[in-house]
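protein.txt, holding compact mmCIF, C-alpha atoms:
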```txt
# COMPACT_ATOMS: atom_id res chain seq x y z
CA MET A 1 -30.20 -5.31 16.39
CA ASP A 2 -27.49 -3.25 18.06
CA GLN A 3 -24.88 -1.45 15.96
CA ASN A 4 -22.12 -3.88 16.77
CA ALA A 5 -24.16 -6.94 15.83
CA GLU A 6 -25.22 -5.23 12.62
CA PHE A 7 -21.59 -4.45 11.83
CA GLU A 8 -20.58 -8.07 12.44
CA ALA A 9 -23.43 -9.20 10.19
CA ARG A 10 -22.29 -6.90 7.41
CA ILE A 11 -18.76 -8.29 7.70
CA ALA A 12 -20.12 -11.83 7.63
CA ARG A 13 -22.06 -11.06 4.44
CA GLY A 14 -18.82 -9.83 2.87
CA GLU A 15 -19.98 -6.22 2.58
CA THR A 16 -17.54 -3.34 2.22
CA ILE A 17 -17.24 -0.86 5.08
CA GLU A 18 -17.05 2.76 3.91
CA PRO A 19 -15.77 5.82 5.82
CA LYS A 20 -19.15 7.17 6.93
CA ASP A 21 -20.53 3.77 8.01
CA TRP A 22 -20.75 2.95 11.68
CA MET A 23 -17.77 0.86 12.83
CA PRO A 24 -16.50 -0.27 16.23
CA GLU A 25 -13.87 2.09 17.70
CA ASP A 26 -11.40 -0.77 17.82
CA TYR A 27 -11.87 -1.60 14.13
CA LYS A 28 -11.07 2.02 13.35
CA LYS A 29 -8.12 2.07 15.73
CA GLN A 30 -6.60 -1.13 14.36
CA LEU A 31 -7.00 0.09 10.78
CA ILE A 32 -5.39 3.44 11.56
CA ARG A 33 -2.47 1.63 13.19
CA MET A 34 -2.08 -0.88 10.38
CA MET A 35 -2.56 1.54 7.48
CA SER A 36 -0.25 4.19 8.98
CA GLN A 37 2.46 1.58 9.45
CA HIS A 38 1.94 0.48 5.87
CA ALA A 39 2.11 4.06 4.53
CA HIS A 40 5.23 4.81 6.60
CA SER A 41 6.84 1.64 5.20
CA GLU A 42 6.31 2.85 1.65
CA ILE A 43 7.88 6.21 2.48
CA VAL A 44 10.84 4.89 4.50
CA GLY A 45 11.23 2.18 1.83
CA MET A 46 12.34 4.89 -0.60
CA LEU A 47 15.52 5.48 1.40
CA PRO A 48 17.55 2.26 0.96
CA GLU A 49 16.87 2.19 -2.78
CA GLY A 50 17.12 5.94 -3.28
CA GLU A 51 20.74 5.76 -2.16
CA TRP A 52 21.59 3.92 -5.39
CA ILE A 53 19.92 6.23 -7.92
CA THR A 54 23.12 8.21 -8.54
CA ARG A 55 25.14 5.01 -8.75
CA ALA A 56 22.93 3.01 -11.14
CA PRO A 57 25.20 1.34 -13.71
CA SER A 58 23.26 2.44 -16.82
CA LEU A 59 20.72 5.04 -17.91
CA ARG A 60 18.15 2.24 -18.35
CA ARG A 61 18.67 1.09 -14.77
CA LYS A 62 18.63 4.65 -13.45
CA LYS A 63 15.29 5.40 -15.10
CA ILE A 64 13.81 2.15 -13.75
CA LEU A 65 15.01 2.86 -10.23
CA LEU A 66 13.76 6.45 -10.31
CA ALA A 67 10.33 5.26 -11.46
CA LYS A 68 10.22 2.60 -8.76
CA VAL A 69 11.18 4.96 -5.95
CA GLN A 70 8.64 7.49 -7.22
CA ASP A 71 6.00 4.75 -7.16
CA GLU A 72 6.80 4.03 -3.50
CA ALA A 73 6.14 7.69 -2.69
CA GLY A 74 2.84 7.46 -4.54
CA HIS A 75 1.92 4.26 -2.69
CA GLY A 76 2.61 5.92 0.63
CA LEU A 77 0.33 8.78 -0.37
CA TYR A 78 -2.51 6.46 -1.51
CA ILE A 79 -2.49 4.85 1.92
CA TYR A 80 -2.17 8.15 3.86
CA SER A 81 -5.22 9.26 1.89
CA GLY A 82 -6.97 6.09 3.10
CA VAL A 83 -5.93 6.72 6.72
CA GLU A 84 -7.48 10.18 6.54
CA THR A 85 -10.87 8.69 5.64
CA LEU A 86 -10.88 7.20 9.16
CA GLY A 87 -10.63 10.66 10.66
CA ALA A 88 -6.92 10.43 11.44
CA ASP A 89 -5.15 13.77 11.25
CA ARG A 90 -2.51 13.80 8.54
CA ASP A 91 -0.07 16.03 10.43
CA SER A 92 -0.18 13.88 13.54
CA VAL A 93 0.25 10.69 11.48
CA THR A 94 3.40 12.24 9.95
CA HIS A 95 4.49 13.43 13.38
CA ASP A 96 4.24 9.89 14.78
CA LEU A 97 6.64 8.64 12.12
CA LEU A 98 9.13 11.47 12.63
CA THR A 99 9.22 11.06 16.40
CA GLY A 100 9.64 7.29 16.17
CA LYS A 101 6.30 6.62 17.83
CA ALA A 102 4.88 4.81 14.81
CA LYS A 103 6.40 1.64 13.37
CA TYR A 104 7.25 0.80 9.78
CA SER A 105 8.40 -2.43 8.17
CA SER A 106 11.66 -3.57 9.75
CA ILE A 107 13.05 -4.66 6.40
CA PHE A 108 13.97 -1.05 5.64
CA ASN A 109 16.30 -0.94 8.62
CA TYR A 110 18.80 -3.08 6.72
CA PRO A 111 21.47 -1.39 4.57
CA THR A 112 21.84 -1.62 0.77
CA LEU A 113 25.53 -2.50 0.53
CA THR A 114 25.87 -3.36 -3.16
CA TRP A 115 24.06 -2.86 -6.46
CA ALA A 116 22.82 -6.46 -6.23
CA ASP A 117 20.78 -5.41 -3.19
CA ILE A 118 18.64 -3.24 -5.47
CA GLY A 119 17.72 -6.30 -7.52
CA VAL A 120 17.12 -8.53 -4.51
CA ILE A 121 14.91 -5.90 -2.85
CA GLY A 122 12.68 -5.80 -5.94
CA TRP A 123 12.57 -9.58 -6.11
CA PHE A 124 12.21 -10.47 -2.41
CA VAL A 125 10.90 -7.37 -0.64
CA ASP A 126 8.43 -6.28 -3.33
CA GLY A 127 7.63 -9.95 -3.96
CA ALA A 128 6.71 -10.40 -0.29
CA ALA A 129 4.79 -7.12 -0.31
CA ILE A 130 2.76 -8.26 -3.32
CA VAL A 131 1.76 -11.49 -1.54
CA ASN A 132 0.59 -9.42 1.45
CA GLN A 133 -1.09 -6.70 -0.59
CA THR A 134 -2.95 -9.09 -2.88
CA MET A 135 -4.61 -10.40 0.28
CA LEU A 136 -5.29 -6.85 1.54
CA ALA A 137 -6.94 -5.92 -1.77
CA LYS A 138 -9.91 -7.96 -0.47
CA CYS A 139 -9.92 -6.16 2.89
CA SER A 140 -13.31 -5.24 4.38
CA TYR A 141 -12.45 -1.53 4.56
CA GLY A 142 -13.16 0.00 1.12
CA PRO A 143 -10.56 2.79 0.91
CA TYR A 144 -7.75 0.43 2.01
CA ALA A 145 -8.84 -2.31 -0.41
CA ARG A 146 -9.04 0.14 -3.32
CA ALA A 147 -5.58 1.56 -2.53
CA MET A 148 -4.23 -2.00 -2.55
CA VAL A 149 -5.74 -2.78 -5.95
CA ARG A 150 -4.02 0.31 -7.34
CA ILE A 151 -0.72 -0.62 -5.70
CA CYS A 152 -0.77 -4.26 -6.81
CA LYS A 153 -1.26 -3.20 -10.44
CA GLU A 154 1.86 -1.04 -10.24
CA GLU A 155 4.03 -3.22 -8.11
CA ASN A 156 4.39 -6.16 -10.46
CA PHE A 157 6.95 -4.15 -12.40
CA HIS A 158 8.93 -3.64 -9.19
CA LYS A 159 9.35 -7.34 -8.67
CA LYS A 160 10.07 -8.14 -12.29
CA GLN A 161 12.76 -5.49 -12.74
CA GLY A 162 14.43 -6.76 -9.57
CA TYR A 163 14.45 -10.35 -10.72
CA GLU A 164 15.77 -9.33 -14.14
CA LEU A 165 18.60 -7.41 -12.46
CA VAL A 166 19.55 -10.35 -10.22
CA ALA A 167 19.29 -12.85 -13.09
CA GLY A 168 21.67 -10.68 -15.11
CA LEU A 169 24.23 -10.67 -12.30
CA ALA A 170 23.76 -14.41 -11.69
CA ASN A 171 24.64 -15.08 -15.33
CA GLY A 172 27.54 -12.59 -15.31
CA THR A 173 31.14 -12.74 -14.18
CA LYS A 174 32.27 -14.67 -11.10
CA GLU A 175 32.31 -11.41 -9.07
CA GLN A 176 28.82 -10.48 -10.22
CA LYS A 177 27.45 -13.90 -9.32
CA GLU A 178 29.08 -13.69 -5.87
CA MET A 179 27.60 -10.26 -5.36
CA ALA A 180 24.13 -11.57 -6.23
CA GLN A 181 24.50 -14.58 -3.91
CA ASP A 182 25.73 -12.34 -1.09
CA ALA A 183 22.68 -10.10 -1.45
CA VAL A 184 20.38 -13.13 -1.45
CA ASN A 185 22.10 -14.39 1.71
CA ARG A 186 21.60 -11.10 3.53
CA TRP A 187 18.01 -10.36 2.43
CA TRP A 188 16.37 -13.79 2.60
CA TRP A 189 15.66 -14.02 6.31
CA PRO A 190 14.65 -10.37 6.84
CA SER A 191 12.26 -10.82 3.88
CA LEU A 192 10.58 -13.78 5.61
CA MET A 193 10.23 -11.61 8.73
CA MET A 194 8.22 -9.09 6.72
CA PHE A 195 5.11 -11.22 7.21
CA GLY A 196 5.25 -10.53 10.94
CA PRO A 197 5.38 -12.84 13.95
CA SER A 198 4.38 -16.46 13.72
CA ASP A 199 0.60 -16.98 14.06
CA LYS A 200 0.92 -18.22 17.63
CA ASP A 201 2.66 -14.95 18.64
CA SER A 202 0.61 -12.49 16.61
CA PRO A 203 -1.75 -10.76 19.06
CA ASN A 204 -3.74 -8.66 16.57
CA SER A 205 -4.22 -11.30 13.86
CA PRO A 206 -7.30 -13.24 15.07
CA GLN A 207 -9.38 -10.07 15.47
CA LEU A 208 -8.18 -8.63 12.15
CA MET A 209 -9.11 -11.88 10.43
CA LYS A 210 -12.51 -11.94 12.11
CA TRP A 211 -13.14 -8.45 10.74
CA LYS A 212 -11.83 -9.55 7.33
CA VAL A 213 -9.24 -6.78 7.41
CA LYS A 214 -6.76 -9.60 6.86
CA LYS A 215 -8.05 -12.65 5.09
CA GLU A 216 -5.07 -14.92 5.70
CA SER A 217 -2.60 -15.45 8.51
CA ASN A 218 1.05 -14.37 8.62
CA ASP A 219 2.31 -17.96 8.37
CA THR A 220 0.05 -18.80 5.41
CA LEU A 221 1.30 -15.76 3.49
CA ARG A 222 4.92 -16.47 4.42
CA GLN A 223 4.60 -20.03 3.12
CA ARG A 224 3.09 -18.77 -0.13
CA PHE A 225 6.05 -16.42 -0.62
CA VAL A 226 8.55 -19.22 0.04
CA ASN A 227 6.78 -21.54 -2.42
CA LEU A 228 6.81 -18.84 -5.10
CA THR A 229 10.42 -17.80 -4.59
CA ILE A 230 12.35 -21.10 -4.38
CA PRO A 231 11.77 -22.11 -8.02
CA GLN A 232 12.73 -18.57 -9.09
CA ALA A 233 16.04 -18.86 -7.22
CA ASN A 234 16.67 -22.33 -8.65
CA ALA A 235 16.09 -21.05 -12.19
CA ILE A 236 19.04 -18.66 -11.90
CA ASN A 237 21.24 -21.01 -9.83
CA LEU A 238 21.28 -18.98 -6.65
CA THR A 239 21.12 -20.69 -3.28
CA ILE A 240 18.63 -19.79 -0.57
CA PRO A 241 20.60 -19.64 2.71
CA ASP A 242 18.56 -22.23 4.62
CA PRO A 243 19.93 -25.76 5.14
CA ASP A 244 16.49 -26.97 6.30
CA LEU A 245 14.77 -26.02 3.07
CA LYS A 246 13.07 -29.12 1.66
CA PHE A 247 10.12 -29.78 -0.62
CA ASN A 248 7.36 -31.60 1.25
CA GLN A 249 5.65 -34.03 -1.12
CA GLU A 250 2.69 -34.44 1.21
CA THR A 251 1.76 -30.78 1.64
CA GLY A 252 3.19 -29.46 -1.62
CA ASN A 253 5.00 -26.78 0.41
CA TRP A 254 8.66 -25.94 0.79
CA ASP A 255 9.43 -26.57 4.47
CA PHE A 256 11.89 -24.02 5.83
CA GLY A 257 14.04 -23.48 8.92
CA GLU A 258 13.29 -21.51 12.07
CA ILE A 259 13.34 -17.72 11.77
CA ASP A 260 15.60 -15.86 14.21
CA TRP A 261 12.83 -14.09 16.12
CA THR A 262 15.33 -12.46 18.48
CA GLU A 263 16.70 -10.52 15.52
CA PHE A 264 13.14 -9.64 14.42
CA TYR A 265 12.20 -8.17 17.81
CA GLU A 266 15.55 -6.37 18.20
CA VAL A 267 15.13 -4.56 14.85
CA LEU A 268 11.50 -3.81 15.74
CA LYS A 269 12.64 -2.25 19.02
CA GLY A 270 14.92 0.08 17.11
CA ASN A 271 18.20 -1.81 17.33
CA GLY A 272 18.57 -2.72 13.65
CA PRO A 273 21.53 -1.60 11.54
CA CYS A 274 19.82 1.52 10.10
CA ASN A 275 16.87 2.47 12.37
CA LYS A 276 18.52 5.69 13.52
CA GLU A 277 19.73 6.67 10.06
CA ARG A 278 16.28 6.18 8.50
CA LEU A 279 14.51 8.37 11.04
CA GLU A 280 17.19 11.04 10.73
CA ALA A 281 16.79 11.05 6.95
CA ARG A 282 12.99 11.46 7.23
CA ASN A 283 13.33 14.27 9.77
CA LYS A 284 15.89 16.04 7.62
CA ALA A 285 13.64 15.79 4.55
CA PHE A 286 10.67 17.13 6.52
CA LYS A 287 12.68 20.02 7.92
CA ASN A 288 14.20 20.89 4.54
CA GLY A 289 10.75 20.92 2.96
CA GLU A 290 9.34 23.40 5.47
CA TRP A 291 10.10 26.51 3.39
CA VAL A 292 8.33 24.95 0.40
CA ARG A 293 5.20 24.22 2.42
CA GLU A 294 5.37 27.67 3.95
CA ALA A 295 5.74 29.36 0.56
CA ALA A 296 2.80 27.41 -0.87
CA ARG A 297 0.64 28.36 2.12
CA VAL A 298 1.50 32.06 1.96
CA TYR A 299 0.95 32.15 -1.82
CA ALA A 300 -2.46 30.53 -1.43
CA GLU A 301 -3.46 33.01 1.29
CA LYS A 302 -2.19 36.02 -0.61
CA HIS A 303 -3.91 35.11 -3.87
CA ASN A 304 -6.93 33.72 -2.11
CA VAL A 305 -6.91 30.59 -4.27
CA GLN A 306 -7.40 28.01 -1.58
CA MET B 1 -5.76 20.31 12.17
CA SER B 2 -3.69 19.59 9.07
CA SER B 3 -1.64 22.35 7.53
CA GLU B 4 -2.81 21.88 3.94
CA ASN B 5 -6.27 21.46 2.47
CA LEU B 6 -7.68 18.06 1.57
CA TRP B 7 -8.74 17.59 -2.08
CA GLU B 8 -10.59 14.63 -3.55
CA VAL B 9 -9.25 13.46 -6.90
CA PHE B 10 -11.29 12.15 -9.86
CA VAL B 11 -9.58 10.66 -12.90
CA GLN B 12 -11.01 10.17 -16.39
CA SER B 13 -9.04 7.42 -18.09
CA GLU B 14 -10.19 8.08 -21.66
CA ASP B 15 -12.32 10.25 -23.87
CA GLY B 16 -15.97 9.60 -23.11
CA ALA B 17 -15.34 7.68 -19.87
CA PRO B 18 -16.74 8.92 -16.54
CA HIS B 19 -14.48 10.58 -13.98
CA GLU B 20 -13.85 8.09 -11.19
CA HIS B 21 -12.80 8.80 -7.63
CA ALA B 22 -9.13 7.85 -7.18
CA GLY B 23 -8.26 9.11 -3.68
CA SER B 24 -7.23 12.38 -2.12
CA VAL B 25 -4.25 14.71 -1.85
CA ARG B 26 -3.17 17.48 0.48
CA ALA B 27 -2.27 20.81 -1.15
CA ALA B 28 -2.25 24.50 -0.28
CA ASP B 29 -4.16 25.66 -3.37
CA ARG B 30 -6.02 24.35 -6.42
CA GLU B 31 -3.09 24.55 -8.79
CA LEU B 32 -0.83 22.53 -6.50
CA ALA B 33 -3.73 20.16 -5.85
CA LEU B 34 -3.95 19.41 -9.58
CA GLN B 35 -0.20 18.91 -9.86
CA ASN B 36 -0.11 16.65 -6.81
CA ALA B 37 -3.06 14.67 -8.16
CA ARG B 38 -1.23 14.17 -11.43
CA ASP B 39 1.95 12.99 -9.69
CA VAL B 40 0.15 10.70 -7.26
CA TYR B 41 -2.68 9.20 -9.31
CA THR B 42 -1.63 9.30 -12.97
CA ARG B 43 1.91 7.97 -13.18
CA ARG B 44 1.13 5.43 -15.88
CA GLY B 45 -1.53 4.28 -18.30
CA LYS B 46 -4.05 6.35 -20.15
CA VAL B 47 -5.28 9.57 -18.57
CA PHE B 48 -7.59 12.02 -20.29
CA SER B 49 -8.56 14.44 -17.53
CA VAL B 50 -8.32 15.03 -13.78
CA TRP B 51 -10.68 16.87 -11.41
CA VAL B 52 -9.82 18.00 -7.92
CA VAL B 53 -12.41 19.30 -5.49
CA ARG B 54 -12.10 20.50 -1.92
CA ALA B 55 -13.16 17.58 0.27
CA ASP B 56 -15.21 19.86 2.55
CA GLU B 57 -17.25 21.04 -0.46
CA ILE B 58 -18.58 17.54 -1.16
CA VAL B 59 -22.09 16.86 0.06
CA ALA B 60 -22.88 13.18 0.50
CA THR B 61 -25.75 11.00 1.66
CA SER B 62 -25.55 9.54 5.11
CA PRO B 63 -25.44 5.75 5.58
CA ASP B 64 -28.07 6.00 8.36
CA GLU B 65 -30.60 7.55 5.99
CA ARG B 66 -29.77 5.27 3.10
CA ASP B 67 -32.99 3.24 3.22
CA CYS B 68 -35.47 6.09 3.44
CA PHE B 69 -33.49 8.47 1.25
CA PHE B 70 -33.33 6.06 -1.69
CA ASP B 71 -36.69 4.46 -1.04
CA PRO B 72 -38.54 6.31 -3.85
CA SER B 73 -36.36 4.60 -6.46
CA ASN B 74 -37.38 1.11 -5.44
CA ASP B 75 -41.16 1.16 -5.51
CA LYS B 76 -42.01 2.30 -9.01
CA ILE B 77 -41.82 -0.73 -11.22
CA TYR B 78 -43.57 1.23 -14.00
CA ARG B 79 -40.26 3.05 -14.48
CA HIS B 80 -38.83 -0.11 -16.02
CA PRO B 81 -39.65 -1.26 -19.56
CA GLN B 82 -40.34 -4.80 -18.32
CA PHE B 83 -43.51 -3.48 -16.65
CA TYR B 84 -45.31 -3.04 -19.97
CA LYS B 85 -47.11 -5.65 -22.05
CA VAL B 86 -47.10 -5.39 -25.83
CA PRO B 87 -48.85 -7.58 -28.37
CA ARG B 88 -46.89 -10.68 -29.40
CA GLY B 89 -44.74 -10.21 -32.49
CA VAL B 90 -44.38 -6.44 -32.33
CA LYS B 91 -40.72 -5.46 -32.71
CA GLY B 92 -38.63 -2.34 -32.09
CA LEU B 93 -40.04 -1.52 -28.65
```
Step by step, read the file and then write its structure as structure tokens.
Amino acid sequence: MDQNAEFEARIARGETIEPKDWMPEDYKKQLIRMMSQHAHSEIVGMLPEGEWITRAPSLRRKKILLAKVQDEAGHGLYIYSGVETLGADRDSVTHDLLTGKAKYSSIFNYPTLTWADIGVIGWFVDGAAIVNQTMLAKCSYGPYARAMVRICKEENFHKKQGYELVAGLANGTKEQKEMAQDAVNRWWWPSLMMFGPSDKDSPNSPQLMKWKVKKESNDTLRQRFVNLTIPQANAINLTIPDPDLKFNQETGNWDFGEIDWTEFYEVLKGNGPCNKERLEARNKAFKNGEWVREAARVYAEKHNVQ
Amino acid sequence: MSSENLWEVFVQSEDGAPHEHAGSVRAADRELALQNARDVYTRRGKVFSVWVVRADEIVATSPDERDCFFDPSNDKIYRHPQFYKVPRGVKGL
């Protein structure tokens, strides 16, 4: 049996592929692309929420937000660690983010305008991420799957604190309720876009599913997220901004309206509200950290403790 | 070539438990490697101890040699207690 056929057979038997196992170049390439994008998303995802740490309305909320943003950094590092097992060079992976060559989730190119956005991000954005990552926890590549298991365990708190925050505002004063509804209105559609293009326009999906890197399609995951979220919105009397939303008795799904794919591709191309700002922030952080990395390197050399 | 060394991280969740591989970190030296490992892999839950080891110091088996390398462990059924017959009714064996 040739190596490729043996690999396909292993995938078909549901075996886990480990770093030193033989794998097709394209499997490796697709995983490096996908995992780097995922890691970058965790890191860039710290920015919109991080902006609110100094403005959190209570010490309780500040501690929660700090812990959440710190988790996102950790999640990025778990996945970078996974990318390295594929032989990708860490410095060049970082370089690709800083130069804008690599992509990250478009959701983080939207601004956090009010405190309610912090709640809605936890509820929608982390909620959508959990749906995606729960699927990826069964991925055929071992290091990626194990990183996802770790992340899923931690991320449930992210979603729950967000929902609690929004529910509090929704039951608050008229202004607070309006602020919550406004955040829901702005984040709903970008959150649905997080699952990627519709199945018919997703070029990488069929191969990734064949390799069991992804076990379910973008549209299936998106529908699952919608079905989970609508009852949660109803429970706190907030309205999802979609006039076509309707429960389908036959399928048991919530049917929803057409996503504005023009907006999706524009943000992906770099024309979203915050693309430039996010990259600038990452470059600034990298540049400002240079003396720390340098000092650590020189200390290690001098004391020979590498 | 990455600017900092790669360290593999092993976490022991409680007294008496084995150290389990958690992932890796980049760090310039062993002290920073331990601190990074703590920040990245032990943010919540029970942790008893952490090991870090330079990734290039780990020696591992190769998948290609798996079958022949581990072969000796599969063909000696007399290493298992089920191999042995004892008279009916004898207990404590």
Margin query: When you look at Ser106 (chain A) with a cut-off of 12 Å (counting all atoms listed in the file), what residues show up, excluding the ones that are within fewer than 6 positions of it in the same chain? I need them as a count of residues only.
Written below: 32
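For chain B, the residues having at least one atom no farther than 9 Å from chain A, when counting only C-alpha atoms, are Met1, Ser2, Ser3, Glu4, Asn5, Ala22, Gly23, Ser24, Val25, Arg26, Ala27, Ala28, Asp29, Arg30, Glu31, Leu32, Asp39, Val40, Tyr41, Arg43, Arg44, Arg54, Ser62, Pro63 and Asp64 of chain B.
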Next item on the list: Work out how far CA of Leu165 (chain A) is from CA of Asp219 (chain A), in Å to one decimal.
Entry: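 For CA of Asp219 (chain A) relative to CA of Leu165 (chain A), the distance reads 28.5 Å.
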Checklist line | Residue with smallest distance to Gln35 (chain B) - pool B:Glu65, B:Trp51, B:His19, B:Asp75, counting all atoms listed in the file | finding: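 Answer, going by the shortest atom-to-atom distance: B:Trp51.
CA of Asp2 (chain A) to CA of Leu136 (chain A) spans 27.9 Å [interatomic distance, one decimal].
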Notebook entry, point to check: If you measure from CA of Val184 (chain A) to CA of Ile64 (chain A), what distance in Å do you get, rounded to one decimal?
Noted result: 20.7 Å
Generate N, CA, C and O atoms for region 2-21 of chain B and emit them as a PDB file, in the coordinates of the input.
```pdb
ATOM      1  N   SER B   2      -4.789  19.759  10.000  1.00  0.00           N
ATOM      2  CA  SER B   2      -3.690  19.590   9.070  1.00  0.00           C
ATOM      3  C   SER B   2      -3.370  20.904   8.375  1.00  0.00           C
ATOM      4  O   SER B   2      -4.244  21.728   8.142  1.00  0.00           O
ATOM      5  N   SER B   3      -2.092  21.064   8.019  1.00  0.00           N
ATOM      6  CA  SER B   3      -1.640  22.350   7.530  1.00  0.00           C
ATOM      7  C   SER B   3      -2.060  22.642   6.099  1.00  0.00           C
ATOM      8  O   SER B   3      -2.092  23.787   5.675  1.00  0.00           O
ATOM      9  N   GLU B   4      -2.387  21.618   5.310  1.00  0.00           N
ATOM     10  CA  GLU B   4      -2.810  21.880   3.940  1.00  0.00           C
ATOM     11  C   GLU B   4      -4.195  21.313   3.710  1.00  0.00           C
ATOM     12  O   GLU B   4      -4.619  20.376   4.384  1.00  0.00           O
ATOM     13  N   ASN B   5      -4.903  21.894   2.738  1.00  0.00           N
ATOM     14  CA  ASN B   5      -6.270  21.460   2.470  1.00  0.00           C
ATOM     15  C   ASN B   5      -6.335  20.066   1.868  1.00  0.00           C
ATOM     16  O   ASN B   5      -5.408  19.629   1.183  1.00  0.00           O
ATOM     17  N   LEU B   6      -7.460  19.394   2.124  1.00  0.00           N
ATOM     18  CA  LEU B   6      -7.680  18.060   1.570  1.00  0.00           C
ATOM     19  C   LEU B   6      -8.515  18.189   0.294  1.00  0.00           C
ATOM     20  O   LEU B   6      -9.560  18.856   0.285  1.00  0.00           O
ATOM     21  N   TRP B   7      -8.054  17.550  -0.770  1.00  0.00           N
ATOM     22  CA  TRP B   7      -8.740  17.590  -2.080  1.00  0.00           C
ATOM     23  C   TRP B   7      -9.032  16.171  -2.521  1.00  0.00           C
ATOM     24  O   TRP B   7      -8.150  15.309  -2.460  1.00  0.00           O
ATOM     25  N   GLU B   8     -10.253  15.942  -2.986  1.00  0.00           N
ATOM     26  CA  GLU B   8     -10.590  14.630  -3.550  1.00  0.00           C
ATOM     27  C   GLU B   8     -10.254  14.651  -5.041  1.00  0.00           C
ATOM     28  O   GLU B   8     -10.452  15.665  -5.726  1.00  0.00           O
ATOM     29  N   VAL B   9      -9.749  13.528  -5.534  1.00  0.00           N
ATOM     30  CA  VAL B   9      -9.250  13.460  -6.900  1.00  0.00           C
ATOM     31  C   VAL B   9     -10.109  12.506  -7.743  1.00  0.00           C
ATOM     32  O   VAL B   9     -10.404  11.393  -7.317  1.00  0.00           O
ATOM     33  N   PHE B  10     -10.507  12.960  -8.930  1.00  0.00           N
ATOM     34  CA  PHE B  10     -11.290  12.150  -9.860  1.00  0.00           C
ATOM     35  C   PHE B  10     -10.549  12.069 -11.186  1.00  0.00           C
ATOM     36  O   PHE B  10     -10.157  13.095 -11.735  1.00  0.00           O
ATOM     37  N   VAL B  11     -10.367  10.848 -11.687  1.00  0.00           N
ATOM     38  CA  VAL B  11      -9.580  10.660 -12.900  1.00  0.00           C
ATOM     39  C   VAL B  11     -10.461  10.093 -14.017  1.00  0.00           C
ATOM     40  O   VAL B  11     -11.218   9.147 -13.809  1.00  0.00           O
ATOM     41  N   GLN B  12     -10.341  10.692 -15.201  1.00  0.00           N
ATOM     42  CA  GLN B  12     -11.010  10.170 -16.390  1.00  0.00           C
ATOM     43  C   GLN B  12      -9.962   9.465 -17.225  1.00  0.00           C
ATOM     44  O   GLN B  12      -8.997  10.088 -17.669  1.00  0.00           O
ATOM     45  N   SER B  13     -10.130   8.178 -17.448  1.00  0.00           N
ATOM     46  CA  SER B  13      -9.040   7.420 -18.090  1.00  0.00           C
ATOM     47  C   SER B  13      -9.038   7.595 -19.602  1.00  0.00           C
ATOM     48  O   SER B  13      -8.002   7.479 -20.232  1.00  0.00           O
ATOM     49  N   GLU B  14     -10.209   7.830 -20.216  1.00  0.00           N
ATOM     50  CA  GLU B  14     -10.190   8.080 -21.660  1.00  0.00           C
ATOM     51  C   GLU B  14     -11.370   8.940 -22.079  1.00  0.00           C
ATOM     52  O   GLU B  14     -12.328   9.084 -21.324  1.00  0.00           O
ATOM     53  N   ASP B  15     -11.261   9.428 -23.291  1.00  0.00           N
ATOM     54  CA  ASP B  15     -12.320  10.250 -23.870  1.00  0.00           C
ATOM     55  C   ASP B  15     -13.662   9.530 -23.747  1.00  0.00           C
ATOM     56  O   ASP B  15     -13.774   8.368 -24.107  1.00  0.00           O
ATOM     57  N   GLY B  16     -14.642  10.200 -23.192  1.00  0.00           N
ATOM     58  CA  GLY B  16     -15.970   9.600 -23.110  1.00  0.00           C
ATOM     59  C   GLY B  16     -16.230   8.807 -21.846  1.00  0.00           C
ATOM     60  O   GLY B  16     -17.369   8.497 -21.534  1.00  0.00           O
ATOM     61  N   ALA B  17     -15.162   8.462 -21.097  1.00  0.00           N
ATOM     62  CA  ALA B  17     -15.340   7.680 -19.870  1.00  0.00           C
ATOM     63  C   ALA B  17     -15.745   8.603 -18.721  1.00  0.00           C
ATOM     64  O   ALA B  17     -15.497   9.807 -18.777  1.00  0.00           O
ATOM     65  N   PRO B  18     -16.406   8.060 -17.690  1.00  0.00           N
ATOM     66  CA  PRO B  18     -16.740   8.920 -16.540  1.00  0.00           C
ATOM     67  C   PRO B  18     -15.509   9.202 -15.688  1.00  0.00           C
ATOM     68  O   PRO B  18     -14.550   8.432 -15.691  1.00  0.00           O
ATOM     69  N   HIS B  19     -15.536  10.313 -14.961  1.00  0.00           N
ATOM     70  CA  HIS B  19     -14.480  10.580 -13.980  1.00  0.00           C
ATOM     71  C   HIS B  19     -14.729   9.691 -12.773  1.00  0.00           C
ATOM     72  O   HIS B  19     -15.847   9.629 -12.270  1.00  0.00           O
ATOM     73  N   GLU B  20     -13.693   8.995 -12.340  1.00  0.00           N
ATOM     74  CA  GLU B  20     -13.850   8.090 -11.190  1.00  0.00           C
ATOM     75  C   GLU B  20     -13.001   8.563 -10.023  1.00  0.00           C
ATOM     76  O   GLU B  20     -11.870   9.030 -10.198  1.00  0.00           O
ATOM     77  N   HIS B  21     -13.546   8.404  -8.812  1.00  0.00           N
ATOM     78  CA  HIS B  21     -12.800   8.800  -7.630  1.00  0.00           C
ATOM     79  C   HIS B  21     -11.544   7.946  -7.492  1.00  0.00           C
ATOM     80  O   HIS B  21     -11.603   6.721  -7.604  1.00  0.00           O
TER      81      HIS B  21
END
```
